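**Q** The file below is final30.cif, mmCIF, C-alpha atoms and all ligand atoms:
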data_my_file
loop_
_atom_site.group_PDB
_atom_site.id
_atom_site.type_symbol
_atom_site.label_atom_id
_atom_site.label_comp_id
_atom_site.auth_asym_id
_atom_site.auth_seq_id
_atom_site.Cartn_x
_atom_site.Cartn_y
_atom_site.Cartn_z
ATOM 1 C CA MET A 1 158.108 158.738 127.140
ATOM 2 C CA GLN A 2 154.858 160.389 128.104
ATOM 3 C CA LYS A 3 152.826 157.874 126.107
ATOM 4 C CA GLU A 4 153.610 155.235 128.705
ATOM 5 C CA LEU A 5 152.612 157.558 131.510
ATOM 6 C CA ILE A 6 149.210 158.740 130.393
ATOM 7 C CA GLU A 7 146.624 157.958 127.764
ATOM 8 C CA PHE A 8 144.918 160.782 125.927
ATOM 9 C CA VAL A 9 141.194 160.333 125.409
ATOM 10 C CA CYS A 10 138.467 162.698 124.218
ATOM 11 C CA PRO A 11 136.849 164.182 127.350
ATOM 12 C CA LYS A 12 133.418 163.737 125.799
ATOM 13 C CA CYS A 13 133.289 160.547 123.723
ATOM 14 C CA GLY A 14 136.231 158.738 125.363
ATOM 15 C CA GLU A 15 137.855 157.960 122.018
ATOM 16 C CA LYS A 16 141.609 157.493 122.161
ATOM 17 C CA LEU A 17 143.454 160.525 120.822
ATOM 18 C CA ILE A 18 146.705 160.148 118.940
ATOM 19 C CA VAL A 19 148.709 163.316 119.123
ATOM 20 C CA ASN A 20 150.645 164.319 116.038
ATOM 21 C CA SER A 21 151.300 167.478 114.125
ATOM 22 C CA LYS A 22 147.964 167.471 112.292
ATOM 23 C CA PHE A 23 144.592 168.574 113.623
ATOM 24 C CA LYS A 24 142.560 165.416 114.169
ATOM 25 C CA PRO A 25 139.024 166.070 115.340
ATOM 26 C CA CYS A 26 137.456 163.073 117.004
ATOM 27 C CA ARG A 27 133.994 161.741 116.262
ATOM 28 C CA CYS A 28 132.181 164.042 118.710
ATOM 29 C CA ASN A 29 133.226 167.029 116.651
ATOM 30 C CA ASN A 30 129.572 167.998 116.370
ATOM 31 C CA GLU A 31 129.218 168.719 120.069
ATOM 32 C CA LEU A 32 132.560 170.286 120.832
ATOM 33 C CA THR A 33 134.912 172.448 118.885
ATOM 34 C CA VAL A 34 137.853 170.132 118.854
ATOM 35 C CA ASN A 35 141.388 170.430 117.706
ATOM 36 C CA TYR A 36 144.522 168.988 119.125
ATOM 37 C CA GLY A 37 148.070 168.090 118.197
ATOM 38 C CA LYS A 38 151.500 169.593 118.587
ATOM 39 C CA PHE A 39 152.494 173.144 117.950
ATOM 40 C CA SER A 40 156.120 174.210 118.368
ATOM 41 C CA GLY A 41 156.704 171.007 120.305
ATOM 42 C CA ILE A 42 153.829 171.743 122.692
ATOM 43 C CA THR A 43 151.068 169.189 123.052
ATOM 44 C CA PHE A 44 147.804 171.063 122.915
ATOM 45 C CA PHE A 45 144.121 170.283 123.162
ATOM 46 C CA ASN A 46 141.394 172.796 122.432
ATOM 47 C CA PHE A 47 137.985 171.519 123.418
ATOM 48 C CA TYR A 48 135.276 174.118 123.666
ATOM 49 C CA ASP A 49 131.533 173.983 124.069
ATOM 50 C CA ARG A 50 130.107 175.429 120.881
ATOM 51 C CA VAL A 51 127.709 177.513 122.932
ATOM 52 C CA ASN A 52 130.456 179.324 124.783
ATOM 53 C CA LEU A 53 132.876 180.215 122.061
ATOM 54 C CA SER A 54 132.547 183.936 122.733
ATOM 55 C CA GLU A 55 134.178 183.659 126.145
ATOM 56 C CA LYS A 56 136.570 180.789 125.913
ATOM 57 C CA ASP A 57 138.803 181.371 128.883
ATOM 58 C CA GLY A 58 141.794 179.892 127.111
ATOM 59 C CA HIS A 59 141.930 182.979 124.998
ATOM 60 C CA PHE A 60 141.732 185.164 128.076
ATOM 61 C CA TYR A 61 144.581 183.530 129.934
ATOM 62 C CA ASP A 62 146.792 183.627 126.893
ATOM 63 C CA ILE A 63 146.612 187.389 126.942
ATOM 64 C CA PHE A 64 146.739 187.526 130.715
ATOM 65 C CA PHE A 65 149.909 185.511 131.082
ATOM 66 C CA LYS A 66 151.617 186.996 128.055
ATOM 67 C CA PHE A 67 151.187 190.324 129.744
ATOM 68 C CA TYR A 68 152.073 188.983 133.162
ATOM 69 C CA LEU A 69 155.241 187.273 132.035
ATOM 70 C CA LYS A 70 156.256 190.188 129.848
ATOM 71 C CA GLU A 71 155.639 193.034 132.255
ATOM 72 C CA VAL A 72 156.116 191.478 135.627
ATOM 73 C CA ILE A 73 158.824 188.889 135.251
ATOM 74 C CA ASN A 74 161.555 190.899 133.614
ATOM 75 C CA LYS A 75 160.583 190.287 130.026
ATOM 76 C CA ILE A 76 161.434 186.638 129.984
ATOM 77 C CA GLN A 77 161.995 185.206 126.573
ATOM 78 C CA ILE A 78 161.221 181.555 126.292
ATOM 79 C CA GLY A 79 164.338 179.494 125.639
ATOM 80 C CA LYS A 80 166.750 182.098 126.959
ATOM 81 C CA ILE A 81 168.809 181.846 130.104
ATOM 82 C CA THR A 82 166.849 184.664 131.795
ATOM 83 C CA LYS A 83 164.220 182.081 132.602
ATOM 84 C CA ASN A 84 166.349 181.150 135.586
ATOM 85 C CA GLU A 85 165.210 184.337 137.285
ATOM 86 C CA GLU A 86 161.659 183.134 137.038
ATOM 87 C CA LYS A 87 162.704 179.675 138.161
ATOM 88 C CA GLU A 88 164.182 181.192 141.323
ATOM 89 C CA LYS A 89 160.967 183.024 141.986
ATOM 90 C CA ALA A 90 158.969 179.868 141.346
ATOM 91 C CA GLU A 91 161.242 177.991 143.736
ATOM 92 C CA GLN A 92 160.561 180.460 146.558
ATOM 93 C CA ASN A 93 156.834 180.312 146.004
ATOM 94 C CA SER A 94 156.757 176.546 145.599
ATOM 95 C CA ASP A 95 158.539 175.957 148.899
ATOM 96 C CA TYR A 96 155.944 178.121 150.548
ATOM 97 C CA LEU A 97 153.101 176.293 148.833
ATOM 98 C CA LEU A 98 153.926 172.642 149.396
ATOM 99 C CA ASN A 99 155.283 173.253 152.890
ATOM 100 C CA SER A 100 151.705 173.964 153.880
ATOM 101 C CA VAL A 101 150.444 170.570 152.677
ATOM 102 C CA PRO A 102 150.015 168.236 155.679
ATOM 103 C CA LEU A 103 151.886 165.331 154.108
ATOM 104 C CA PRO A 104 155.397 163.979 154.630
ATOM 105 C CA LYS A 105 157.809 164.889 151.822
ATOM 106 C CA GLU A 106 158.393 161.190 151.072
ATOM 107 C CA PHE A 107 154.742 160.872 150.111
ATOM 108 C CA TRP A 108 155.429 162.542 146.775
ATOM 109 C CA LYS A 109 158.231 160.255 145.676
ATOM 110 C CA ASN A 110 157.501 158.435 142.369
ATOM 111 C CA LYS A 111 153.879 159.591 142.383
ATOM 112 C CA LEU A 112 152.165 160.508 139.124
ATOM 113 C CA VAL A 113 150.823 164.022 139.682
ATOM 114 C CA LEU A 114 148.471 166.258 137.705
ATOM 115 C CA ASP A 115 148.992 169.990 138.208
ATOM 116 C CA ALA A 116 145.709 171.394 136.915
ATOM 117 C CA GLY A 117 146.011 175.070 136.078
ATOM 118 C CA CYS A 118 149.768 175.094 136.551
ATOM 119 C CA GLY A 119 150.208 178.833 135.821
ATOM 120 C CA GLY A 120 153.613 180.095 136.919
ATOM 121 C CA GLY A 121 154.872 176.562 137.597
ATOM 122 C CA TRP A 122 155.261 176.837 141.360
ATOM 123 C CA ALA A 123 153.551 173.599 142.264
ATOM 124 C CA THR A 124 155.050 171.708 139.349
ATOM 125 C CA LEU A 125 158.507 172.753 140.461
ATOM 126 C CA ALA A 126 157.832 171.872 144.099
ATOM 127 C CA ALA A 127 156.495 168.414 143.231
ATOM 128 C CA LEU A 128 159.410 167.854 140.864
ATOM 129 C CA ASN A 129 161.831 168.691 143.673
ATOM 130 C CA LEU A 130 160.074 165.998 145.737
ATOM 131 C CA ASN A 131 160.746 163.432 142.979
ATOM 132 C CA ALA A 132 157.231 163.157 141.628
ATOM 133 C CA THR A 133 156.402 162.802 137.927
ATOM 134 C CA ILE A 134 154.213 165.664 136.805
ATOM 135 C CA ILE A 135 151.751 166.311 134.024
ATOM 136 C CA SER A 136 150.930 170.020 134.045
ATOM 137 C CA ILE A 137 147.980 171.511 132.240
ATOM 138 C CA ASP A 138 146.981 175.092 131.640
ATOM 139 C CA ASN A 139 145.305 176.931 128.820
ATOM 140 C CA ALA A 140 147.844 179.708 128.462
ATOM 141 C CA ASN A 141 150.636 179.031 125.958
ATOM 142 C CA THR A 142 153.166 181.013 127.951
ATOM 143 C CA CYS A 143 152.556 178.941 131.078
ATOM 144 C CA ILE A 144 152.847 175.711 129.153
ATOM 145 C CA GLU A 145 156.112 176.778 127.568
ATOM 146 C CA PHE A 146 157.493 177.683 130.966
ATOM 147 C CA ASN A 147 156.267 174.508 132.675
ATOM 148 C CA ASN A 148 157.646 172.390 129.836
ATOM 149 C CA TRP A 149 160.963 174.096 130.438
ATOM 150 C CA ILE A 150 160.789 173.250 134.155
ATOM 151 C CA LEU A 151 159.993 169.624 133.267
ATOM 152 C CA ARG A 152 162.520 169.354 130.432
ATOM 153 C CA ASN A 153 164.806 166.828 132.157
ATOM 154 C CA SER A 154 162.008 164.796 133.723
ATOM 155 C CA ASN A 155 159.509 162.211 132.511
ATOM 156 C CA GLY A 156 156.658 164.681 132.807
ATOM 157 C CA LEU A 157 155.298 167.224 130.389
ATOM 158 C CA ALA A 158 153.077 170.264 130.183
ATOM 159 C CA ILE A 159 149.985 170.160 128.002
ATOM 160 C CA LYS A 160 147.829 173.015 126.825
ATOM 161 C CA SER A 161 144.289 172.175 127.851
ATOM 162 C CA SER A 162 141.305 173.761 129.526
ATOM 163 C CA MET A 163 140.362 172.420 132.955
ATOM 164 C CA ASP A 164 136.805 171.967 131.759
ATOM 165 C CA PHE A 165 137.747 169.311 129.218
ATOM 166 C CA ILE A 166 140.851 167.429 130.261
ATOM 167 C CA PRO A 167 141.748 164.824 127.604
ATOM 168 C CA ILE A 168 143.272 162.235 129.923
ATOM 169 C CA LYS A 169 141.934 158.776 130.780
ATOM 170 C CA GLU A 170 140.072 158.450 134.085
ATOM 171 C CA GLU A 171 141.851 157.013 137.148
ATOM 172 C CA THR A 172 145.308 157.938 135.913
ATOM 173 C CA PHE A 173 146.842 159.978 138.730
ATOM 174 C CA ASP A 174 148.043 159.317 142.281
ATOM 175 C CA ILE A 175 147.769 163.007 143.107
ATOM 176 C CA VAL A 176 145.721 165.743 141.478
ATOM 177 C CA MET A 177 146.455 169.278 142.578
ATOM 178 C CA ALA A 178 144.773 172.514 141.524
ATOM 179 C CA TRP A 179 146.153 175.544 143.304
ATOM 180 C CA SER A 180 143.923 178.591 143.014
ATOM 181 C CA SER A 181 142.743 177.582 139.562
ATOM 182 C CA ILE A 182 139.337 175.931 140.040
ATOM 183 C CA HIS A 183 137.683 179.209 141.031
ATOM 184 C CA HIS A 184 138.491 180.602 137.575
ATOM 185 C CA THR A 185 136.644 177.880 135.673
ATOM 186 C CA LYS A 186 133.117 178.275 134.387
ATOM 187 C CA ASN A 187 131.655 175.747 136.796
ATOM 188 C CA PRO A 188 134.124 175.042 139.629
ATOM 189 C CA LYS A 189 132.192 172.124 141.131
ATOM 190 C CA LYS A 190 131.950 170.432 137.751
ATOM 191 C CA THR A 191 135.688 170.947 137.309
ATOM 192 C CA LEU A 192 136.275 169.437 140.731
ATOM 193 C CA LYS A 193 134.260 166.372 139.714
ATOM 194 C CA THR A 194 136.368 166.046 136.556
ATOM 195 C CA LEU A 195 139.529 166.201 138.633
ATOM 196 C CA VAL A 196 138.251 163.536 141.023
ATOM 197 C CA LYS A 197 137.546 161.233 138.069
ATOM 198 C CA LEU A 198 141.175 161.530 137.000
ATOM 199 C CA LEU A 199 142.315 160.197 140.381
ATOM 200 C CA LYS A 200 143.113 156.530 140.930
ATOM 201 C CA LYS A 201 141.257 154.860 143.769
ATOM 202 C CA ASP A 202 142.871 155.989 147.042
ATOM 203 C CA GLY A 203 144.463 158.876 145.159
ATOM 204 C CA THR A 204 144.752 162.293 146.802
ATOM 205 C CA ILE A 205 143.288 165.546 145.604
ATOM 206 C CA MET A 206 144.554 168.871 146.937
ATOM 207 C CA PHE A 207 143.458 172.324 145.921
ATOM 208 C CA SER A 208 142.796 175.870 147.034
ATOM 209 C CA VAL A 209 139.984 178.296 146.316
ATOM 210 C CA TYR A 210 139.234 181.910 147.108
ATOM 211 C CA GLY A 211 137.414 182.261 150.418
ATOM 212 C CA ARG A 212 134.282 184.374 150.533
ATOM 213 C CA ASN A 213 134.844 187.918 151.764
ATOM 214 C CA ASN A 214 132.447 190.067 153.726
ATOM 215 C CA PHE A 215 129.568 191.563 151.810
ATOM 216 C CA LEU A 216 131.132 194.980 151.188
ATOM 217 C CA ARG A 217 134.405 193.591 149.896
ATOM 218 C CA GLU A 218 132.650 191.117 147.583
ATOM 219 C CA PHE A 219 130.384 193.887 146.368
ATOM 220 C CA LEU A 220 133.309 196.196 145.562
ATOM 221 C CA ILE A 221 135.168 193.430 143.791
ATOM 222 C CA SER A 222 132.218 192.501 141.604
ATOM 223 C CA LEU A 223 131.445 196.141 140.891
ATOM 224 C CA THR A 224 135.030 196.704 139.738
ATOM 225 C CA ARG A 225 134.959 193.508 137.723
ATOM 226 C CA SER A 226 131.736 194.513 136.005
ATOM 227 C CA PHE A 227 133.180 197.909 135.186
ATOM 228 C CA LEU A 228 136.346 196.399 133.744
ATOM 229 C CA ARG A 229 134.270 194.053 131.600
ATOM 230 C CA LEU A 230 133.339 197.077 129.516
ATOM 231 C CA PHE A 231 136.887 197.098 128.194
ATOM 232 C CA SER A 232 138.968 194.783 126.087
ATOM 233 C CA LEU A 233 140.961 192.064 127.810
ATOM 234 C CA LYS A 234 144.233 193.874 127.281
ATOM 235 C CA ASN A 235 142.896 197.097 128.732
ATOM 236 C CA ARG A 236 141.303 195.276 131.629
ATOM 237 C CA ILE A 237 144.714 193.955 132.567
ATOM 238 C CA LYS A 238 146.259 197.414 132.205
ATOM 239 C CA PHE A 239 143.520 198.972 134.359
ATOM 240 C CA SER A 240 144.145 196.514 137.155
ATOM 241 C CA LYS A 241 147.437 198.350 137.712
ATOM 242 C CA LEU A 242 145.343 201.094 139.305
ATOM 243 C CA PHE A 243 144.511 198.786 142.204
ATOM 244 C CA ILE A 244 148.091 198.100 143.221
ATOM 245 C CA ILE A 245 149.579 199.710 146.304
ATOM 246 C CA LYS A 246 153.064 198.441 147.054
ATOM 247 C CA ASN A 247 153.492 200.067 150.460
ATOM 248 C CA ASN A 248 152.310 197.471 152.990
ATOM 249 C CA LYS A 249 151.156 199.941 155.652
ATOM 250 C CA ILE A 250 149.164 202.159 153.315
ATOM 251 C CA ARG A 251 147.639 199.157 151.535
ATOM 252 C CA LYS A 252 146.535 197.587 154.791
ATOM 253 C CA LYS A 253 144.798 200.799 155.825
ATOM 254 C CA LEU A 254 143.114 201.356 152.472
ATOM 255 C CA ASN A 255 142.155 197.688 152.286
ATOM 256 C CA LYS A 256 139.353 198.436 154.709
ATOM 257 C CA ILE A 257 137.764 200.513 151.982
ATOM 258 C CA PHE A 258 138.758 198.699 148.825
ATOM 259 C CA PRO A 259 140.606 195.413 148.084
ATOM 260 C CA PHE A 260 143.834 196.973 146.866
ATOM 261 C CA GLN A 261 146.533 194.479 145.913
ATOM 262 C CA LYS A 262 150.260 194.190 146.332
ATOM 263 C CA ASN A 263 151.232 193.404 142.754
ATOM 264 C CA MET A 264 150.122 192.729 139.225
ATOM 265 C CA LEU A 265 149.603 188.998 139.707
ATOM 266 C CA ALA A 266 147.272 189.480 142.655
ATOM 267 C CA SER A 267 145.421 192.367 141.065
ATOM 268 C CA THR A 268 144.806 190.807 137.658
ATOM 269 C CA ASP A 269 143.848 187.500 139.243
ATOM 270 C CA ILE A 270 140.983 189.110 141.115
ATOM 271 C CA PHE A 271 139.762 191.738 138.714
ATOM 272 C CA CYS A 272 140.387 190.368 135.215
ATOM 273 C CA PRO A 273 139.523 186.692 134.703
ATOM 274 C CA VAL A 274 136.194 185.881 133.098
ATOM 275 C CA TYR A 275 135.259 183.817 136.149
ATOM 276 C CA ARG A 276 136.059 184.394 139.808
ATOM 277 C CA TYR A 277 134.118 182.389 142.379
ATOM 278 C CA THR A 278 134.484 182.477 146.150
ATOM 279 C CA PHE A 279 133.527 179.740 148.605
ATOM 280 C CA GLU A 280 132.734 179.078 152.216
ATOM 281 C CA LYS A 281 134.851 176.319 153.683
ATOM 282 C CA LYS A 282 131.813 174.257 154.633
ATOM 283 C CA GLU A 283 130.441 174.378 151.120
ATOM 284 C CA ILE A 284 133.507 172.613 149.725
ATOM 285 C CA ILE A 285 133.688 170.104 152.579
ATOM 286 C CA ASP A 286 130.038 169.155 152.011
ATOM 287 C CA PHE A 287 130.684 168.823 148.305
ATOM 288 C CA LEU A 288 133.657 166.507 148.859
ATOM 289 C CA LYS A 289 131.624 164.382 151.286
ATOM 290 C CA LYS A 290 128.784 164.170 148.792
ATOM 291 C CA ASN A 291 131.235 162.891 146.219
ATOM 292 C CA ASN A 292 132.408 160.124 148.561
ATOM 293 C CA MET A 293 135.791 161.637 149.285
ATOM 294 C CA LYS A 294 137.479 160.500 152.497
ATOM 295 C CA GLU A 295 139.929 161.927 155.012
ATOM 296 C CA ILE A 296 139.041 165.521 154.208
ATOM 297 C CA LYS A 297 141.517 168.033 155.567
ATOM 298 C CA THR A 298 141.384 171.777 155.339
ATOM 299 C CA TRP A 299 143.726 174.586 156.270
ATOM 300 C CA GLY A 300 144.224 178.210 155.454
ATOM 301 C CA VAL A 301 147.384 179.914 154.327
ATOM 302 C CA LYS A 302 148.039 182.400 151.587
ATOM 303 C CA PRO A 303 148.865 180.881 148.188
ATOM 304 C CA CYS A 304 152.121 182.787 148.072
ATOM 305 C CA PRO A 305 153.574 185.639 150.089
ATOM 306 C CA GLU A 306 152.432 188.099 147.443
ATOM 307 C CA VAL A 307 148.672 187.663 147.576
ATOM 308 C CA ASN A 308 146.593 189.045 150.416
ATOM 309 C CA GLU A 309 143.209 187.489 149.655
ATOM 310 C CA LYS A 310 141.554 184.870 151.830
ATOM 311 C CA ILE A 311 142.268 181.351 150.519
ATOM 312 C CA HIS A 312 140.954 177.976 151.716
ATOM 313 C CA PHE A 313 143.066 174.848 151.220
ATOM 314 C CA PHE A 314 141.681 171.307 150.969
ATOM 315 C CA MET A 315 142.943 167.773 150.713
ATOM 316 C CA ALA A 316 140.925 164.544 150.398
ATOM 317 C CA LYS A 317 141.286 160.917 149.421
ATOM 318 C CA LYS A 318 139.204 159.072 146.816
HETATM 319 ZN ZN ZN B 1 135.194 163.025 121.121
#
Now that the file is in, can you turn its structure into structure tokens?

**A**
Amino acid sequence: MQKELIEFVCPKCGEKLIVNSKFKPCRCNNELTVNYGKFSGITFFNFYDRVNLSEKDGHFYDIFFKFYLKEVINKIQIGKITKNEEKEKAEQNSDYLLNSVPLPKEFWKNKLVLDAGCGGGWATLAALNLNATIISIDNANTCIEFNNWILRNSNGLAIKSSMDFIPIKEETFDIVMAWSSIHHTKNPKKTLKTLVKLLKKDGTIMFSVYGRNNFLREFLISLTRSFLRLFSLKNRIKFSKLFIIKNNKIRKKLNKIFPFQKNMLASTDIFCPVYRYTFEKKEIIDFLKKNNMKEIKTWGVKPCPEVNEKIHFFMAKK
């Protein structure tokens, strides 16, 4: 089914990739660490720069989301009925997310959509509810399993892949969306360029990034992040529990001193990932203009009711 929808190509040499159960490195194996295929029914692609093997973020998010899904979302076991609880949660968040997009609901119908960095599946679910066909990518196994489950009765599928090296032919998608994921890649602007390439002409890109905080807040965040980097990934995630204050009033007061968070998702997302970039709105608008994007729109809402960081939203046409 999916073979008719999209064509897999090596993100570096452009060679067509045929996905089967065996590892099949393509001819640019010397430049990238390449393996791809199917594992437990999941289509996966691992492309890494040889230089950066020590901090491949795929590895990080695997641990991150395993922990997140295990501890935060009622110990969901993939393939069991309890996943419906998470689906309900995703549904709430997805309504919130796509309701903010300044497009009529009909716009999504029959569109081929890429959800880059699909995470907890909120956007995938929202777009699916609007009758789009979705290809979701993420580099955490747990997310891919969950998104594949969301997409199980549709034409779409979830693929394990890093956002830095997406193995899909250029000009494939009508819509590319990347909600709060670009700022966790090694080079967000490069990632953005990759995403634009995947768009058809006149296709629409929409994404959100962390806004830049005032100096003190940014300083405290990077200080905490640097401190946590002394510890293993697992411990880093455990430590980020210390920065959670559930009580809204108390958190708001203390937030003037330190960026305390409401829950595990918000806390780990700020303090734990290998990369966390923040942006001024103008910076992104200028970048989109420079890359010949048209009809640039921007707005600001929170990514979901549970996160209290500043987020900028963008939409533009190729
Ligand atoms: Zn290649």

**Q** Expand the PyMOL selection byres (((chain A and resi 212) around 6) and not hetatm) into the individual residues it matches in the shown file, reporting them as a list of chain:residue names.

**A**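 Selected by the PyMOL selection byres (((chain A and resi 212) around 6) and not hetatm) here: A:Gly211, A:Asn213, A:Thr278, A:Phe279, A:Glu280.
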
**Q** Could you check which of A:Phe165, A:Phe258, A:Phe287, A:Trp179 is closest to Ala123 (chain A), using all atoms listed in the file?

**A** A:Trp179

**Q** So what do you get for CA of Leu17 (chain A) versus CA of Lys189 (chain A), distance-wise?

**A**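 Going from CA of Leu17 (chain A) over to CA of Lys189 (chain A) covers 26.0 Å.
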
**Q** Given the file shown, enumerate the residues that the PyMOL selection byres (((chain A and resi 281-285) around 10) and not hetatm) captures and present them as a ChimeraX atom specification.

**A** /A:189,192,209-212,278-280,286-291,293,296-300,311-316

**Q** Would you mind listing the residues within 12 Å of ligand ZN 1 (chain B), counting all atoms listed in the file, as a count of residues only?

**A** 32

**Q** One decimal, in Å: what's the spacing between CA of Asp164 (chain A) and CA of Asn148 (chain A)?

**A**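 CA of Asn148 (chain A) lies 20.9 Å from CA of Asp164 (chain A).
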
**Q** Can you work out which one of A:Glu309, A:Glu218, A:Asp138, A:Glu7 has the shortest atom-to-atom distance to Ser181 (chain A), counting only C-alpha atoms?

**A** A:Asp138

**Q** Under the PyMOL selection byres (((chain A and resi 147) around 8) and not hetatm), which residues of this model are included? Write them out as a VMD selection string.

**A** chain A and resid 118 120 to 121 124 136 143 to 146 148 to 151 157 to 158

**Q** Could you state the separation of CA of Leu233 (chain A) and CA of Lys190 (chain A) in Å, given to one decimal place?

**A** 25.5 Å

**Q** Just checking: using all atoms listed in the file, which residue out of A:Leu220, A:Ala116, A:Leu128, A:Met264 ends up closest to Val176 (chain A)?

**A** A:Ala116

**Q** Hey, what's within 9 Å of Lys201 (chain A) if we count all atoms listed in the file and toss same-chain stuff fewer than 5 positions away? As a list in words, please?

**A**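 Everything that qualifies: Glu171, Asp174, Lys317 and Lys318 of chain A.
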
**Q** In file coordinates, which residues lie within 8 Å of (138.3, 181.6, 136.3) using only C-alpha atoms, given as a compact mmCIF listing (two decimals) with C-alpha atoms, in the coordinates of the input?

**A**
# COMPACT_ATOMS: atom_id res chain seq x y z
CA ASP A 57 138.80 181.37 128.88
CA SER A 181 142.74 177.58 139.56
CA ILE A 182 139.34 175.93 140.04
CA HIS A 183 137.68 179.21 141.03
CA HIS A 184 138.49 180.60 137.57
CA THR A 185 136.64 177.88 135.67
CA LYS A 186 133.12 178.28 134.39
CA PRO A 273 139.52 186.69 134.70
CA VAL A 274 136.19 185.88 133.10
CA TYR A 275 135.26 183.82 136.15
CA ARG A 276 136.06 184.39 139.81
CA TYR A 277 134.12 182.39 142.38

**Q** Restricting the calculation to all atoms listed in the file: of A:Lys160, A:Lys111, A:Arg217, A:Arg229, which residue gets closest to Thr172 (chain A)?

**A**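 Closest candidate: A:Lys111.
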
**Q** List the neighbours of Lys241 (chain A) out to 9 Å using all atoms listed in the file; skip same-chain residues closer than 4 positions along the sequence, and give me the result as a list in words.

**A**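 Counting all atoms listed in the file, the residues come to Ile237, Ile245, Asn263, Met264, Ser267 and Thr268 of chain A.
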
**Q** Given the point (150.1, 195.5, 145.5) in the coordinates of this file, which residues lie within 9 Å, counting all atoms listed in the file, and how would they look as a list in words?

**A** Lys241, Phe243, Ile244, Ile245, Lys246, Asn247, Asn248, Arg251, Phe260, Gln261, Lys262, Asn263, Met264, Leu265, Ala266, Ser267, Glu306, Val307 and Asn308 of chain A

**Q** Considering all atoms listed in the file, can you say which of A:Ile135, A:Lys234, A:Leu130, A:Ile42 comes closest to Leu103 (chain A)?

**A**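 Under the stated criterion, the closest residue is A:Leu130.
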
**Q** Out of A:Phe207, A:Phe107, A:Phe271, A:Phe215, which residue has the shortest atom-to-atom distance to Arg236 (chain A) when counting all atoms listed in the file?

**A**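 That would be A:Phe271, the residue with the smallest distance to Arg236 (chain A).
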
**Q** Using only the atoms of region 187-200 of chain A listed in the file, plus 5 Å on each side, state the axis-aligned box centre and edge lengths in Å rounded to one decimal, as JSON.

**A**
{"center_x": 137.4, "center_y": 166.1, "center_z": 138.8, "size_x": 21.5, "size_y": 29.2, "size_z": 14.6}
